[in-house]
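S.K.: Take a look at target10.txt, compact mmCIF, C-alpha atoms and all ligand atoms:
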```txt
# COMPACT_ATOMS: atom_id res chain seq x y z
CA MET G 4 178.93 88.50 153.18
CA SER G 5 176.83 90.57 150.76
CA GLY G 6 173.83 88.29 150.61
CA ARG G 7 170.40 88.35 152.22
CA PRO G 8 170.63 87.34 155.92
CA VAL G 9 168.87 83.98 156.29
CA ILE G 10 168.29 81.33 158.97
CA VAL G 11 167.15 77.91 157.70
CA ASP G 12 165.18 75.84 160.22
CA CYS G 13 165.00 72.23 159.13
CA ASP G 14 164.53 68.53 159.89
CA PRO G 15 167.04 66.78 157.55
CA GLY G 16 165.60 64.82 155.87
CA LEU G 17 166.60 64.12 152.31
CA ASP G 18 164.95 67.12 150.64
CA ASP G 19 166.09 69.34 153.51
CA ALA G 20 169.65 68.26 152.66
CA ILE G 21 169.27 69.46 149.06
CA ALA G 22 167.81 72.75 150.33
CA LEU G 23 170.79 73.22 152.64
CA LEU G 24 173.26 72.46 149.83
CA LEU G 25 171.52 75.00 147.59
CA ALA G 26 171.78 77.68 150.29
CA LEU G 27 175.36 76.77 151.23
CA ALA G 28 176.40 76.94 147.54
CA SER G 29 175.02 80.48 147.17
CA PRO G 30 177.01 82.77 149.50
CA GLU G 31 176.71 85.77 147.14
CA GLU G 32 172.92 85.81 147.42
CA ILE G 33 172.36 84.15 150.80
CA ASP G 34 174.23 85.12 153.97
CA LEU G 35 173.39 81.92 155.84
CA LEU G 36 173.66 83.08 159.47
CA GLY G 37 172.90 79.65 160.84
CA ILE G 38 171.01 76.39 160.53
CA THR G 39 168.55 75.44 163.27
CA CYS G 40 167.25 71.92 163.61
CA VAL G 41 163.98 70.52 164.86
CA ALA G 42 162.52 67.04 165.32
CA GLY G 43 160.43 66.03 162.32
CA ASN G 44 161.41 63.58 159.60
CA VAL G 45 163.57 61.85 162.21
CA PRO G 46 164.29 62.62 165.89
CA LEU G 47 166.30 65.74 166.78
CA ALA G 48 169.52 63.80 167.52
CA MET G 49 169.48 62.72 163.86
CA THR G 50 168.30 65.97 162.28
CA GLU G 51 171.05 68.01 163.92
CA ARG G 52 173.66 65.34 163.05
CA ASN G 53 172.46 65.28 159.46
CA ALA G 54 172.64 69.07 159.19
CA ARG G 55 176.26 68.98 160.41
CA ILE G 56 177.06 66.27 157.84
CA VAL G 57 175.64 68.38 155.01
CA VAL G 58 177.48 71.52 156.15
CA GLU G 59 180.73 69.54 156.16
CA LEU G 60 180.05 68.19 152.67
CA SER G 61 179.62 71.78 151.47
CA GLY G 62 182.91 72.93 153.03
CA ARG G 63 181.06 75.80 154.71
CA ARG G 64 182.21 75.09 158.28
CA ASP G 65 181.59 78.80 158.97
CA VAL G 66 177.85 78.11 159.20
CA PRO G 67 176.78 77.09 162.73
CA VAL G 68 174.26 74.29 163.37
CA HIS G 69 171.99 74.63 166.41
CA ALA G 70 169.73 71.98 167.90
CA GLY G 71 166.24 73.04 168.88
CA CYS G 72 163.00 71.50 170.06
CA PRO G 73 162.92 67.70 170.34
CA ARG G 74 159.12 67.43 170.00
CA PRO G 75 156.08 69.39 168.86
CA LEU G 76 154.39 71.89 171.21
CA LEU G 77 151.43 69.65 172.04
CA ARG G 78 151.18 66.74 169.58
CA PRO G 79 153.28 63.57 169.96
CA LEU G 80 156.31 63.32 167.68
CA ASN G 81 155.51 61.31 164.53
CA THR G 82 158.59 60.86 162.36
CA GLY G 83 158.98 60.04 158.66
CA GLU G 84 161.49 57.21 158.35
CA ARG G 85 159.27 55.60 155.67
CA VAL G 86 160.37 58.36 153.32
CA HIS G 87 163.77 59.43 154.63
CA GLY G 88 165.14 56.16 156.02
CA LYS G 89 166.21 55.31 159.58
CA THR G 90 169.02 57.88 159.64
CA GLY G 91 167.06 60.56 157.81
CA LEU G 92 169.81 60.67 155.18
CA ASP G 93 169.65 57.11 153.84
CA GLY G 94 170.95 56.25 150.39
CA TYR G 95 174.54 57.42 150.78
CA ASP G 96 177.53 56.37 152.89
CA TRP G 97 178.09 59.54 154.90
CA PRO G 98 181.17 60.13 157.05
CA ALA G 99 180.51 60.86 160.73
CA PRO G 100 180.44 64.64 161.27
CA SER G 101 183.43 66.33 162.93
CA LEU G 102 181.76 69.76 162.95
CA PRO G 103 180.64 70.42 166.53
CA LEU G 104 177.09 71.38 167.33
CA ALA G 105 176.86 75.10 168.24
CA ASP G 106 176.17 75.75 171.93
CA ALA G 107 173.03 77.92 171.91
CA HIS G 108 169.59 76.31 171.68
CA ALA G 109 168.08 76.97 168.25
CA VAL G 110 165.31 79.12 169.71
CA ASP G 111 167.82 81.30 171.56
CA PHE G 112 169.98 81.56 168.43
CA ILE G 113 166.99 82.73 166.38
CA ILE G 114 166.06 85.29 169.04
CA ALA G 115 169.60 86.61 169.58
CA THR G 116 170.29 86.83 165.84
CA CYS G 117 167.04 88.67 165.13
CA LEU G 118 167.38 91.11 168.05
CA ALA G 119 170.90 92.00 166.89
CA ALA G 120 169.67 92.76 163.35
CA ASP G 121 168.08 95.86 161.82
CA ASP G 122 164.30 95.97 161.41
CA GLY G 123 163.12 93.94 158.44
CA ALA G 124 166.52 92.30 157.95
CA ILE G 125 166.12 88.59 158.68
CA THR G 126 164.51 85.91 156.49
CA LEU G 127 163.46 82.78 158.36
CA CYS G 128 163.07 79.63 156.25
CA PRO G 129 161.38 76.81 158.17
CA VAL G 130 161.27 73.65 156.05
CA GLY G 131 160.20 71.26 158.80
CA PRO G 132 157.72 71.45 161.67
CA MET G 133 157.62 75.05 162.91
CA THR G 134 158.19 74.31 166.60
CA ASN G 135 161.43 76.31 166.88
CA VAL G 136 160.11 79.35 165.01
CA ALA G 137 156.84 79.42 166.95
CA THR G 138 158.66 79.08 170.26
CA ALA G 139 160.98 81.95 169.36
CA ILE G 140 158.00 84.18 168.50
CA VAL G 141 156.22 83.34 171.77
CA LYS G 142 159.35 83.66 173.91
CA GLU G 143 160.43 86.98 172.32
CA PRO G 144 157.78 88.80 170.22
CA ARG G 145 160.27 91.61 169.66
CA ILE G 146 161.81 89.49 166.90
CA LEU G 147 158.77 90.07 164.65
CA PRO G 148 159.71 93.59 163.43
CA LYS G 149 163.18 92.23 162.71
CA LEU G 150 161.83 89.81 160.11
CA ARG G 151 161.81 90.60 156.40
CA GLU G 152 159.82 87.43 155.65
CA ILE G 153 159.10 83.90 156.75
CA ALA G 154 159.31 81.68 153.65
CA PHE G 155 158.26 78.17 154.57
CA MET G 156 157.68 74.74 153.12
CA GLY G 157 154.40 73.42 154.44
CA GLY G 158 150.71 73.08 153.91
CA ALA G 159 148.37 72.24 151.07
CA ALA G 160 146.07 75.06 150.00
CA LEU G 161 144.09 73.60 147.10
CA VAL G 162 145.45 70.03 146.85
CA PRO G 163 145.22 66.90 149.03
CA GLY G 164 147.54 66.35 151.96
CA ASN G 165 150.38 63.84 152.13
CA VAL G 166 149.93 62.53 155.67
CA THR G 167 146.13 62.80 155.92
CA PRO G 168 143.60 63.52 153.18
CA VAL G 169 143.94 67.25 153.93
CA ALA G 170 147.20 67.83 155.86
CA GLU G 171 150.81 68.12 154.79
CA PHE G 172 153.57 66.59 157.00
CA ASN G 173 155.24 69.75 158.42
CA ILE G 174 151.99 71.43 159.43
CA HIS G 175 150.40 68.20 160.66
CA ALA G 176 153.48 67.42 162.76
CA ASP G 177 153.02 70.60 164.79
CA PRO G 178 149.77 72.37 163.86
CA HIS G 179 149.81 74.56 166.98
CA ALA G 180 153.25 75.89 166.06
CA ALA G 181 152.12 76.49 162.50
CA ARG G 182 149.08 78.40 163.78
CA ILE G 183 151.30 80.65 165.93
CA VAL G 184 153.48 81.43 162.90
CA LEU G 185 150.60 81.95 160.47
CA GLU G 186 148.85 84.27 162.97
CA SER G 187 152.05 86.16 163.88
CA GLY G 188 151.55 89.02 161.44
CA ALA G 189 154.92 88.34 159.80
CA ARG G 190 155.18 88.51 156.00
CA LEU G 191 154.60 84.89 154.96
CA THR G 192 155.34 83.00 151.75
CA MET G 193 153.99 79.44 151.71
CA PHE G 194 155.48 76.68 149.55
CA GLY G 195 152.93 73.93 150.02
CA LEU G 196 152.19 70.76 148.09
CA ASP G 197 150.39 72.94 145.54
CA VAL G 198 153.77 73.93 144.14
CA THR G 199 156.15 71.25 145.41
CA HIS G 200 154.18 68.45 143.73
CA LYS G 201 154.94 70.23 140.44
CA ALA G 202 158.69 69.79 141.10
CA ILE G 203 159.18 66.10 140.38
CA THR G 204 162.65 64.55 140.31
CA THR G 205 162.09 62.58 137.12
CA PRO G 206 164.68 60.00 135.98
CA GLU G 207 165.95 62.50 133.42
CA ARG G 208 166.42 65.19 136.05
CA LEU G 209 168.07 62.71 138.40
CA ASP G 210 170.46 61.55 135.67
CA ALA G 211 171.42 65.17 134.98
CA ILE G 212 172.30 65.67 138.65
CA ARG G 213 174.21 62.38 138.74
CA GLY G 214 176.21 63.53 135.71
CA ILE G 215 177.52 66.74 137.31
CA GLY G 216 180.49 65.01 138.90
CA THR G 217 181.04 67.02 142.10
CA PRO G 218 180.96 65.38 145.56
CA ALA G 219 177.79 67.26 146.50
CA ALA G 220 176.06 66.26 143.27
CA ALA G 221 177.03 62.61 143.77
CA ALA G 222 175.60 62.63 147.30
CA ALA G 223 172.48 64.47 146.13
CA ALA G 224 171.86 61.96 143.34
CA ALA G 225 172.30 59.06 145.76
CA ILE G 226 169.86 60.32 148.37
CA LEU G 227 167.33 61.41 145.74
CA THR G 228 167.44 57.92 144.28
CA PHE G 229 166.56 56.54 147.71
CA TYR G 230 163.97 59.30 148.31
CA ASP G 231 162.10 58.71 145.06
CA ARG G 232 160.96 55.19 145.89
CA ALA G 233 158.40 56.23 148.52
CA ASP G 234 156.60 58.69 146.27
CA ILE G 235 156.67 56.47 143.21
CA GLU G 236 155.04 53.74 145.31
CA ARG G 237 152.41 56.14 146.66
CA TYR G 238 151.66 58.43 143.74
CA GLY G 239 152.83 56.30 140.85
CA ALA G 240 154.80 59.39 139.86
CA ARG G 241 158.02 59.38 137.85
CA GLY G 242 159.99 60.59 140.88
CA GLY G 243 159.72 62.30 144.24
CA PRO G 244 158.53 65.89 144.75
CA LEU G 245 161.49 68.04 145.74
CA HIS G 246 159.78 70.07 148.46
CA ASP G 247 162.23 72.02 150.63
CA PRO G 248 164.66 73.43 148.03
CA CYS G 249 161.71 75.42 146.59
CA VAL G 250 162.08 77.84 149.50
CA ILE G 251 165.77 78.46 148.81
CA ALA G 252 165.28 78.63 145.05
CA TYR G 253 162.68 81.35 145.68
CA LEU G 254 165.29 83.41 147.54
CA LEU G 255 167.70 82.96 144.63
CA ARG G 256 165.32 83.29 141.66
CA PRO G 257 161.83 84.46 142.72
CA ALA G 258 160.75 84.67 139.08
CA LEU G 259 160.65 80.85 139.00
CA PHE G 260 157.52 81.00 141.14
CA SER G 261 154.04 82.48 141.11
CA GLY G 262 151.24 82.65 143.63
CA LYS G 263 148.49 84.64 145.26
CA GLU G 264 147.96 86.52 148.53
CA CYS G 265 145.14 85.09 150.61
CA HIS G 266 144.12 84.37 154.16
CA VAL G 267 145.39 81.01 155.43
CA ALA G 268 144.25 79.39 158.69
CA VAL G 269 145.42 76.18 160.35
CA GLU G 270 143.05 73.56 161.77
CA THR G 271 144.01 72.74 165.38
CA GLU G 272 140.70 71.42 166.77
CA SER G 273 139.32 68.57 164.65
CA GLU G 274 141.19 65.25 164.58
CA LEU G 275 139.65 64.65 161.15
CA THR G 276 141.24 67.75 159.61
CA MET G 277 144.06 68.45 162.08
CA GLY G 278 146.86 70.42 160.41
CA GLN G 279 144.85 71.41 157.34
CA THR G 280 145.87 74.78 155.88
CA VAL G 281 142.59 76.42 154.96
CA ALA G 282 143.29 78.98 152.21
CA ASP G 283 140.56 81.53 151.48
CA TRP G 284 141.47 81.53 147.78
CA TRP G 285 138.41 83.52 146.63
CA GLY G 286 138.27 85.87 149.64
CA VAL G 287 134.85 84.61 150.74
CA THR G 288 135.59 85.18 154.44
CA GLY G 289 136.41 88.83 154.00
CA LYS G 290 139.51 88.25 156.14
CA ALA G 291 142.67 90.13 155.13
CA ALA G 292 145.25 88.13 153.20
CA SER G 293 147.89 86.75 155.60
CA CYS G 294 150.12 84.77 153.29
CA ARG G 295 151.35 84.49 149.72
CA VAL G 296 150.44 81.00 148.62
CA VAL G 297 152.82 79.82 145.90
CA THR G 298 151.22 77.52 143.33
CA GLY G 299 153.28 77.97 140.16
CA ILE G 300 156.85 76.93 139.33
CA ASP G 301 159.15 76.81 136.31
CA ALA G 302 160.24 73.28 137.16
CA ASP G 303 162.91 73.06 134.46
CA GLY G 304 164.37 76.34 135.65
CA TYR G 305 164.26 75.06 139.24
CA TYR G 306 166.25 71.92 138.47
CA ALA G 307 168.68 73.89 136.29
CA LEU G 308 169.37 76.18 139.28
CA ILE G 309 169.92 73.17 141.56
CA ARG G 310 172.33 71.63 139.05
CA GLU G 311 174.16 74.95 138.62
CA ARG G 312 174.77 75.28 142.36
CA LEU G 313 175.58 71.62 143.07
CA ALA G 314 178.29 71.96 140.43
CA CYS G 315 179.94 74.54 142.73
CA LEU G 316 180.35 72.16 145.72
O1 LIG M 401 155.63 67.33 153.29
C1 LIG M 401 156.97 67.54 152.91
C2 LIG M 401 157.78 68.05 154.06
O2 LIG M 401 157.81 67.09 155.10
C3 LIG M 401 159.26 68.30 153.69
O3 LIG M 401 159.75 69.36 154.46
C4 LIG M 401 159.93 67.02 154.09
O4 LIG M 401 161.29 67.21 154.44
C5 LIG M 401 159.15 66.66 155.32
O5 LIG M 401 159.69 67.39 156.41
CA CA M 402 161.80 69.10 155.78
```
Render the structure in this file as C-alpha cells.

M.R.:
Amino acid sequence: MSGRPVIVDCDPGLDDAIALLLALASPEEIDLLGITCVAGNVPLAMTERNARIVVELSGRRDVPVHAGCPRPLLRPLNTGERVHGKTGLDGYDWPAPSLPLADAHAVDFIIATCLAADDGAITLCPVGPMTNVATAIVKEPRILPKLREIAFMGGAALVPGNVTPVAEFNIHADPHAARIVLESGARLTMFGLDVTHKAITTPERLDAIRGIGTPAAAAAAAILTFYDRADIERYGARGGPLHDPCVIAYLLRPALFSGKECHVAVETESELTMGQTVADWWGVTGKAASCRVVTGIDADGYYALIRERLACL
C-alpha cells in the first residue's frame, strides 16, 4: 500500500460506519493497518461486530478488526442507543458478519503496530471514547514518538455539548482517557462539535447519496435516514451532523478544513462540567498550544468526497 499508515479506533455507531467506509474506499491515500473497537455508542460486543459488518460490506477483508476496552477507565459505561439504535447500526438489514475478529486485544495491536513502525509514521484516528488509545499510551509510552498525529472526533471548544450543556459524547464517555491523550504531547487535531455541527446531512445531501446506486451507498443512505431522526428532534435541524467521517475526510483532503492551534484541557473533576474540553482560544492562560482545533469546513466539498468514495464500493 502507498497510503498513509492509519489505525481507526471507533465505536460503530452509524457515523463511525460512514467514516470506516470512507477510509476503506481510499486505499491509495490511506493504508488502513487495522480497526480497533471500543465500547461507546453501544457495548463492545456490538461495536466490534458492527465494524466487521462494515469491513465486509466494503470488500476489504484484508483489514483486521480488533476488540478493545469494554468500559471507560473510571466512569460507568453510558451508551447511545437513542441515536444509533439497539444494534448500533439500525436502519438497514445487515447480514451477520463472517469476518472473524482478530486475536490481539486492540490496545496490544496499537502498541505492536506502532513499535514496529518508523518514528512519526502512524496516524491514530479515535472517533469514539479514547479508552483504547489512552490505555496504549499508558501501557507503552514508547509508542508516542512513533505517532505522526492523533486526529480525533471529540469535544466542543466554543459551542455547547451534546450530552451535557458543555460536554460532547466521546469525551464525556471517558474524560480520564481523553485527558491522558490530550496531555500526551502527541500532535493532536480535534474535530469537535464546532466543525461537525456544520456538516449536516440535509435531505438533499441524503438523496444524493441514495442516488449513487452502489451497495455501500444504499446502506449508508439507509442508516443516515435512521440517524437523522434523533438530531432533527433535538436540534430541529434539517438532518444529522455527520461527525466521524470528518476525521477521515481531513486525511484525504485537508484543505476542506480550517482551524487554530490552542491549548485544550479536559475537565475530570467537576460533575457539572465533566468532560468539557476547555480551549484557550485567545491564549489567556499563557499555556503552549497542545491541539489544532478544527472549526471550519467546506461542507459541500465534504459530502462530494463522501459520495465520490461511496461510489467506489
Ligand atoms: O458526539 C458525537 C460522537 O459520539 C460520534 O463519534 C458518535 O459516533 C458518538 O460516538
Ligand atoms: Ca463514534

S.K.: From the set G:Ser101, G:Thr217, G:Asn44, G:Thr298, which residue has the shortest atom-to-atom contact distance to ligand LIG 401 (chain M), counting all atoms listed in the file?

M.R.: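 So, comparing all the options, the nearest one is G:Asn44.
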
S.K.: Could you please extract the residues within 8 Å of ligand LIG 401 (chain M), counting only C-alpha atoms and all ligand atoms, and hand them back as a PyMOL selection string?

M.R.: chain G and resi 13-19+43-44+83+130-132+156-158+165-166+171-173+195-196+246-247

S.K.: Pick the closest to ligand CA 402 (chain M) from G:Phe155, G:Phe229, G:Phe260, G:Tyr253: which is it, counting all atoms listed in the file?

M.R.: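 Checking each candidate against ligand CA 402 (chain M), we get G:Phe155 as the closest.
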
S.K.: Given the choices G:Leu127, G:Ala70, G:Ile203, G:Leu245, which gets closest to ligand CA 402 (chain M) if the distance is worked out from only C-alpha atoms and all ligand atoms?

M.R.: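 Once distances to ligand CA 402 (chain M) are computed over only C-alpha atoms and all ligand atoms, the minimum belongs to G:Leu245.
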
S.K.: Which neighbours of Arg78 in chain G fall inside 12 Å, counting only C-alpha atoms, when residues of the same chain fewer than 5 positions from it are skipped, and could you give them as a VMD selection string?

M.R.: chain G and resid 43 73 132 134 174 to 180 271 to 272 274 277 to 278

S.K.: Work out how far CA of Glu51 in chain G is from CA of Trp97 in chain G, in Å to one decimal.

M.R.: 14.2 Å

S.K.: Tell me which protein, DNA and RNA residues are within 12 Å of Arg237 in chain G, counting all atoms listed in the file, leaving out same-chain ones fewer than 4 positions away, and put them as a list in words.

M.R.: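 Returned residues: Arg85, Val86, Asn165, Val166, Asp231, Arg232, Ala233, Arg241, Gly242, Gly243 and Pro244 of chain G.
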
S.K.: Once you count all atoms listed in the file, which residues end up no further than 8 Å from (176.8, 77.3, 151.9) in the file's frame, shown as a PyMOL selection string?

M.R.: chain G and resi 23-30+35+58+61-63+66

S.K.: Taking into account only C-alpha atoms and all ligand atoms, which residue in the set G:Val250, G:Ala105, G:Val162, G:Ala120 is nearest to ligand CA 402 (chain M)?

M.R.: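 Going through G:Val250, G:Ala105, G:Val162, G:Ala120 one by one, the smallest distance to ligand CA 402 (chain M) is for G:Val250.
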
S.K.: Using all atoms listed in the file, which residue out of G:Ile309, G:Leu227, G:Cys40, G:Val267 lies closest to Arg52 in chain G?

M.R.: G:Cys40

S.K.: From the set G:Val198, G:Ala225, G:Leu76, G:Ala220, which residue has the shortest atom-to-atom contact distance to Ala302 in chain G, counting all atoms listed in the file?

M.R.: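 Residue with the minimum atom-to-atom distance to Ala302 in chain G: G:Val198.
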
S.K.: Distance CA of Cys72 in chain G-CA of Val41 in chain G, one decimal place?

M.R.: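 For CA of Cys72 in chain G relative to CA of Val41 in chain G, the distance reads 5.4 Å.
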
S.K.: What does the distance from CA of Asn53 in chain G to CA of Asp34 in chain G come to in Å, to one decimal?

M.R.: 20.7 Å

S.K.: Using all atoms listed in the file, which protein or nucleic acid residues come within 6 Å of Leu313 in chain G? Drop anything in the same chain fewer than 3 positions from it, and give the result as a ChimeraX atom specification.

M.R.: /G:219-220,310,316
